[in-house]
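Heads up, the thing below is written out as structure tokens.
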Amino acid sequence: MSKLRTGVLGVFAHLDTATDAIRRLKREGFTVTTYAPTPRHELEEAMETPESPVRIFTLTGAFTGTAAGTALATWTSIDWPLIVGGKEIVALPAFSVIMFELTILLGALSTVAGLFLLGRLPHIGPPEAPMYHPSFTGGNFGVFAHAPRDRYDDVQKIMTDAGSEEVLVDHR
Amino acid sequence: MATETAPTAVRSAFHPDVASYEQVNRDANRLLTKPGKGYLALLGLAISLVGLMVIAELHNIWYGLGMSGLTNPAGWGVYITTFVFWVGIGHAGTLISAILYLFRAPWRQSIYRFAEAMTVFAVLTAALFPIIHIGRPWFFYWLLPLPSQRHLWPNFRSPLLWDVFAVTTYLTVSSVFFFIGLIPDIAAARDTATHPMRKKVYTILSLGWRGTDREWRHFTRAYLFLAALATPLVLSVHSVVSWDFAVSIVPGWHTTIFAPYFVAGAILSGVAMVVTLMVPVHRIFGLGAYFTETHYDRLAKLLLLTSLIVGYAYGMEYFMAWYSGELYERGVFWDRVTGDYWWAGWSMITFNAFIPQLLWVPRIRRNLNAFFLIAMFVNIGMWWERFVIIVPSLAHSYEPWKFMNYHLTWVEASILLGSFGWFFMWFLLFLRYLPGLSIAEIKEVLPPPMRHHGPADHAASVDASGTQVEHYPTGYYA
């Protein structure tokens, strides 16, 4: 279900008031987007955030790297099979460095790809939560409740009761 | 319970002088403000040294590699020494940013950005040297896994190719790790920037970061996995660099201790360089609230630990040379302390193994001037260590008829000096244009702003103004 693009934004100076607002809003059935200057487990708990699937990207990338390293070193050696000093053509102990380095390299790059795809970065196009306040990278926490216009009053009341410093309503 | 009365002040045990999240933003942004004359002078000096390096390298290219002091059998000299030195410098950065992150060390937050920047620029400097050393830099692509015109591929059994893969992977992964960590902080700089050009650049670089729950959720996981991947990478890179030597049969190189010995040496030199950068930045920008006594104390202990490992490795090398009964091995090691390079051999032992022992004394390791001086000695000593491993071993290997000493030329000396200019130029530019303090991560170890506090079970104290202050070891409440 896509999130509503209209809603109300609460600016909170305190973490506990923000988590209080989140819990109340969720209890009332609103979808919430939060903003924080730093990751806080209290917010994650209030939001009941599930585990990020970035790890799947990491694992896939790492295994692809191992396979690519093995394939590259093996194939290029077989391409010109010249025995030097009685050494194996496919010398896995010697190839292990290449396999390891490509495991790390592709694992790291696919982790970043996972972050970008799942986190929707770079943030272009219409935002999922249309309102933002520059103080969210400073010291304030933000709670945006995705709500239809006829429920703005309910949301505003919840925000104010929870201890919001400022409530901004999306009038666009 | 959210009904208790709030105590008057709650502070981080690691940063007792940082009062709020906003203060972190203010202090980090202060680093980005108009630079003083001292900064411009330092930047000018660094750029001049880079100019010197460019002139020397053009000379090297125009007249050939004969302009260096490289000879037979000492075919590796200052270029490879400096390459190994700079790769090593990078290691403490990743140690602090990745390994200490996995161990949840709460004292890494305020220094890791410096250390990480140092890593990226050090590896960027190191990467110049194999290209300079090959003499014909336009053929650098021969190092890449590409087939030649005769369909010959590079030899994947060669340690030199392992090195290309290790260093390139390290540069890529540490740059990615550095940039990903920077994104939330660039967004913080974007939100307070007043200069339109800066605002525009930070807007692009922050990738539209707003700190939503979705962004943080994936960011924290991605950062964790990047740290988990970077950790074995740190240990592997200098091990691979050491195998450039250890896999050969040159006396003084062919030893099994090289991988852990090089890694410990790398961390020793890296920590020394972190301190070399931290102390002036601390003094110039007044960052005492972030670089506290605890930070220096722990860095000193890390330096001491790695110095002990390196000292043990030095001793073990001499023991094995003697105990193996291997004539040529004994010859090389005896030559290191009594031969033509005795001064280099003794500098390395004194600076890296003996002088850091002063850090056992708490008063010395907490004294910024003394610690800075010791770190400088280690920086110099670690360069000599790489020199001592490389040059005397080659110049004094099996047959006495081919013993031949190596003398560095002005071209090599200029390129060596220029490498420092290149490193410091990038570091100074970084300080001026990107957040040098990790804004979001420092906030993680600060107690969050709360309207209501739960019952605290941490020791409280009363400060000079009579305010009740509770110190929390991390940013989390009990």
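Following the order of the structure tokens, first chain is A, next is B, and so on, with residues numbered from 1 inside each chain and ligands from 1 in the order they appear.
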For a quick test of understanding: name the residues of chain B lying within 7 Å of chain A when counting only C-alpha atoms, and present them as a PDB file with N, CA and C atoms, in the first residue's frame.
```
ATOM      1  N   TYR B  21      23.239  17.916  21.037  1.00  0.00           N
ATOM      2  CA  TYR B  21      23.412  17.531  19.630  1.00  0.00           C
ATOM      3  C   TYR B  21      23.802  18.758  18.784  1.00  0.00           C
ATOM      4  N   GLU B  22      23.164  19.887  19.095  1.00  0.00           N
ATOM      5  CA  GLU B  22      23.415  21.098  18.295  1.00  0.00           C
ATOM      6  C   GLU B  22      24.873  21.538  18.405  1.00  0.00           C
ATOM      7  N   ASN B  25      27.015  19.859  15.833  1.00  0.00           N
ATOM      8  CA  ASN B  25      26.881  20.479  14.503  1.00  0.00           C
ATOM      9  C   ASN B  25      27.668  21.786  14.431  1.00  0.00           C
ATOM     10  N   TRP B 153      47.798 -13.440 -20.347  1.00  0.00           N
ATOM     11  CA  TRP B 153      47.187 -12.748 -19.214  1.00  0.00           C
ATOM     12  C   TRP B 153      48.231 -12.536 -18.142  1.00  0.00           C
ATOM     13  N   PHE B 156      48.467 -14.849 -12.320  1.00  0.00           N
ATOM     14  CA  PHE B 156      47.739 -14.769 -11.045  1.00  0.00           C
ATOM     15  C   PHE B 156      48.436 -15.531  -9.914  1.00  0.00           C
ATOM     16  N   ARG B 157      49.548 -16.192 -10.225  1.00  0.00           N
ATOM     17  CA  ARG B 157      50.314 -16.842  -9.153  1.00  0.00           C
ATOM     18  C   ARG B 157      51.369 -15.892  -8.607  1.00  0.00           C
ATOM     19  N   TRP B 162      48.878 -10.110  -6.882  1.00  0.00           N
ATOM     20  CA  TRP B 162      48.023 -10.144  -5.680  1.00  0.00           C
ATOM     21  C   TRP B 162      47.980  -8.746  -5.066  1.00  0.00           C
ATOM     22  N   PHE B 165      45.637  -6.386  -6.778  1.00  0.00           N
ATOM     23  CA  PHE B 165      44.254  -6.662  -6.381  1.00  0.00           C
ATOM     24  C   PHE B 165      44.002  -6.182  -4.953  1.00  0.00           C
ATOM     25  N   ALA B 166      44.959  -6.452  -4.057  1.00  0.00           N
ATOM     26  CA  ALA B 166      44.762  -6.094  -2.644  1.00  0.00           C
ATOM     27  C   ALA B 166      44.686  -4.580  -2.473  1.00  0.00           C
ATOM     28  N   THR B 169      41.555  -3.069  -4.197  1.00  0.00           N
ATOM     29  CA  THR B 169      40.351  -3.364  -3.412  1.00  0.00           C
ATOM     30  C   THR B 169      40.326  -2.506  -2.155  1.00  0.00           C
ATOM     31  N   VAL B 173      37.324  -0.032  -1.345  1.00  0.00           N
ATOM     32  CA  VAL B 173      36.445  -0.287  -0.195  1.00  0.00           C
ATOM     33  C   VAL B 173      36.596   0.817   0.855  1.00  0.00           C
ATOM     34  N   ALA B 187      24.870  15.963   4.740  1.00  0.00           N
ATOM     35  CA  ALA B 187      23.489  16.486   4.800  1.00  0.00           C
ATOM     36  C   ALA B 187      23.374  17.515   5.924  1.00  0.00           C
ATOM     37  N   ALA B 188      24.053  17.255   7.051  1.00  0.00           N
ATOM     38  CA  ALA B 188      24.031  18.221   8.170  1.00  0.00           C
ATOM     39  C   ALA B 188      24.706  19.524   7.749  1.00  0.00           C
ATOM     40  N   ASP B 191      22.385  21.482   5.459  1.00  0.00           N
ATOM     41  CA  ASP B 191      21.266  22.167   6.107  1.00  0.00           C
ATOM     42  C   ASP B 191      21.671  23.450   6.819  1.00  0.00           C
ATOM     43  N   LEU B 207      23.265  13.293  -1.515  1.00  0.00           N
ATOM     44  CA  LEU B 207      22.353  12.377  -2.216  1.00  0.00           C
ATOM     45  C   LEU B 207      20.905  12.496  -1.726  1.00  0.00           C
ATOM     46  N   GLY B 208      20.558  13.672  -1.257  1.00  0.00           N
ATOM     47  CA  GLY B 208      19.178  13.885  -0.789  1.00  0.00           C
ATOM     48  C   GLY B 208      18.890  13.237   0.555  1.00  0.00           C
ATOM     49  N   TRP B 209      19.911  13.020   1.356  1.00  0.00           N
ATOM     50  CA  TRP B 209      19.738  12.387   2.677  1.00  0.00           C
ATOM     51  C   TRP B 209      18.887  13.275   3.590  1.00  0.00           C
ATOM     52  N   ARG B 210      17.910  12.652   4.279  1.00  0.00           N
ATOM     53  CA  ARG B 210      17.083  13.420   5.214  1.00  0.00           C
ATOM     54  C   ARG B 210      16.970  12.746   6.573  1.00  0.00           C
ATOM     55  N   GLY B 211      17.574  11.603   6.700  1.00  0.00           N
ATOM     56  CA  GLY B 211      17.558  10.922   8.004  1.00  0.00           C
ATOM     57  C   GLY B 211      16.235  10.270   8.328  1.00  0.00           C
ATOM     58  N   THR B 212      15.526   9.768   7.318  1.00  0.00           N
ATOM     59  CA  THR B 212      14.243   9.096   7.597  1.00  0.00           C
ATOM     60  C   THR B 212      14.515   7.710   8.183  1.00  0.00           C
ATOM     61  N   ASP B 213      13.464   7.126   8.737  1.00  0.00           N
ATOM     62  CA  ASP B 213      13.629   5.794   9.332  1.00  0.00           C
ATOM     63  C   ASP B 213      14.061   4.781   8.276  1.00  0.00           C
ATOM     64  N   ARG B 214      13.554   4.944   7.049  1.00  0.00           N
ATOM     65  CA  ARG B 214      13.958   4.025   5.970  1.00  0.00           C
ATOM     66  C   ARG B 214      15.455   4.150   5.694  1.00  0.00           C
ATOM     67  N   GLU B 215      15.911   5.413   5.589  1.00  0.00           N
ATOM     68  CA  GLU B 215      17.331   5.639   5.290  1.00  0.00           C
ATOM     69  C   GLU B 215      18.230   5.079   6.395  1.00  0.00           C
ATOM     70  N   TRP B 216      17.892   5.407   7.647  1.00  0.00           N
ATOM     71  CA  TRP B 216      18.736   4.936   8.760  1.00  0.00           C
ATOM     72  C   TRP B 216      18.716   3.419   8.874  1.00  0.00           C
ATOM     73  N   ARG B 217      17.556   2.834   8.613  1.00  0.00           N
ATOM     74  CA  ARG B 217      17.418   1.390   8.770  1.00  0.00           C
ATOM     75  C   ARG B 217      18.400   0.651   7.854  1.00  0.00           C
ATOM     76  N   HIS B 218      18.429   1.077   6.577  1.00  0.00           N
ATOM     77  CA  HIS B 218      19.323   0.405   5.637  1.00  0.00           C
ATOM     78  C   HIS B 218      20.763   0.882   5.797  1.00  0.00           C
ATOM     79  N   PHE B 219      20.910   2.149   6.170  1.00  0.00           N
ATOM     80  CA  PHE B 219      22.255   2.706   6.344  1.00  0.00           C
ATOM     81  C   PHE B 219      23.005   1.974   7.447  1.00  0.00           C
ATOM     82  N   ARG B 221      22.603  -0.971   8.709  1.00  0.00           N
ATOM     83  CA  ARG B 221      22.938  -2.355   8.331  1.00  0.00           C
ATOM     84  C   ARG B 221      24.080  -2.363   7.308  1.00  0.00           C
ATOM     85  N   ALA B 222      23.956  -1.491   6.294  1.00  0.00           N
ATOM     86  CA  ALA B 222      24.983  -1.448   5.242  1.00  0.00           C
ATOM     87  C   ALA B 222      26.330  -1.085   5.859  1.00  0.00           C
ATOM     88  N   LEU B 226      29.687  -3.275   5.748  1.00  0.00           N
ATOM     89  CA  LEU B 226      30.916  -2.727   5.176  1.00  0.00           C
ATOM     90  C   LEU B 226      32.057  -2.863   6.175  1.00  0.00           C
ATOM     91  N   LEU B 229      33.230  -6.385   6.266  1.00  0.00           N
ATOM     92  CA  LEU B 229      34.047  -6.743   5.106  1.00  0.00           C
ATOM     93  C   LEU B 229      35.414  -6.064   5.173  1.00  0.00           C
ATOM     94  N   ALA B 440      26.962  12.585  13.032  1.00  0.00           N
ATOM     95  CA  ALA B 440      25.899  11.644  13.410  1.00  0.00           C
ATOM     96  C   ALA B 440      26.411  10.605  14.406  1.00  0.00           C
ATOM     97  N   GLU B 441      27.640  10.169  14.219  1.00  0.00           N
ATOM     98  CA  GLU B 441      28.139   9.103  15.101  1.00  0.00           C
ATOM     99  C   GLU B 441      28.507   9.604  16.489  1.00  0.00           C
ATOM    100  N   LYS B 443      26.884  11.817  18.004  1.00  0.00           N
ATOM    101  CA  LYS B 443      25.579  11.903  18.683  1.00  0.00           C
ATOM    102  C   LYS B 443      25.135  10.540  19.216  1.00  0.00           C
ATOM    103  N   GLU B 444      25.603   9.486  18.561  1.00  0.00           N
ATOM    104  CA  GLU B 444      25.228   8.146  19.029  1.00  0.00           C
ATOM    105  C   GLU B 444      25.737   7.870  20.438  1.00  0.00           C
ATOM    106  N   PRO B 448      20.723  11.017  24.488  1.00  0.00           N
ATOM    107  CA  PRO B 448      19.777  11.763  23.656  1.00  0.00           C
ATOM    108  C   PRO B 448      18.988  12.776  24.489  1.00  0.00           C
ATOM    109  N   PRO B 449      18.509  13.840  23.846  1.00  0.00           N
ATOM    110  CA  PRO B 449      17.698  14.802  24.600  1.00  0.00           C
ATOM    111  C   PRO B 449      16.378  14.151  25.028  1.00  0.00           C
ATOM    112  N   MET B 450      16.121  14.151  26.320  1.00  0.00           N
ATOM    113  CA  MET B 450      14.899  13.520  26.839  1.00  0.00           C
ATOM    114  C   MET B 450      14.162  14.518  27.720  1.00  0.00           C
ATOM    115  N   ARG B 451      12.855  14.504  27.626  1.00  0.00           N
ATOM    116  CA  ARG B 451      12.072  15.353  28.534  1.00  0.00           C
ATOM    117  C   ARG B 451      11.945  14.674  29.893  1.00  0.00           C
TER     118      ARG B 451
END
```
(message) Excluding stretch 269-280 of chain B and its own-chain neighbours fewer than 3 positions away, which residues fall within 7 Å of it when counting only C-alpha atoms? Please give them as a list in words.
(response)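 In the requested form, the answer reads Gly88, Ile89, Gly90, His91, Ala92, Gly93, Ala115, Gly265, Ala266, Arg283, Ile284, Leu299, Leu303, Phe372, Ala375, Met376, Val378, Asn379 and Met382 of chain B.
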(request) Would you kindly return, as a PyMOL selection string, each protein, DNA or RNA residue with an atom no farther than 8 Å from any atom of B:Ser419, considering only C-alpha atoms and excluding same-chain residues fewer than 3 positions away? (result) chain B and resi 49-50+53+125+415-416+422-423
(request) Can you work out the spacing between atom CA of B:Ala246 and atom CA of B:Trp343 in Å, to one decimal? (result)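 One can read the atom CA of B:Ala246 to atom CA of B:Trp343 distance as 24.1 Å.
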(request) Within stretch 302-417 of chain B, find each residue whose DSSP state, derived from the backbone, is alpha helix (DSSP H), and express the selection as an MDAnalysis selection string. (result) chainID B and resid 302:323 327:338 342:349 362:365 368:395 410:417
(request) Choose the residue, out of B:Thr168, B:Gln149, B:Ser414, B:Ser20, that has the smallest atom-to-atom separation from B:Val54; count only C-alpha atoms. (result) B:Ser414
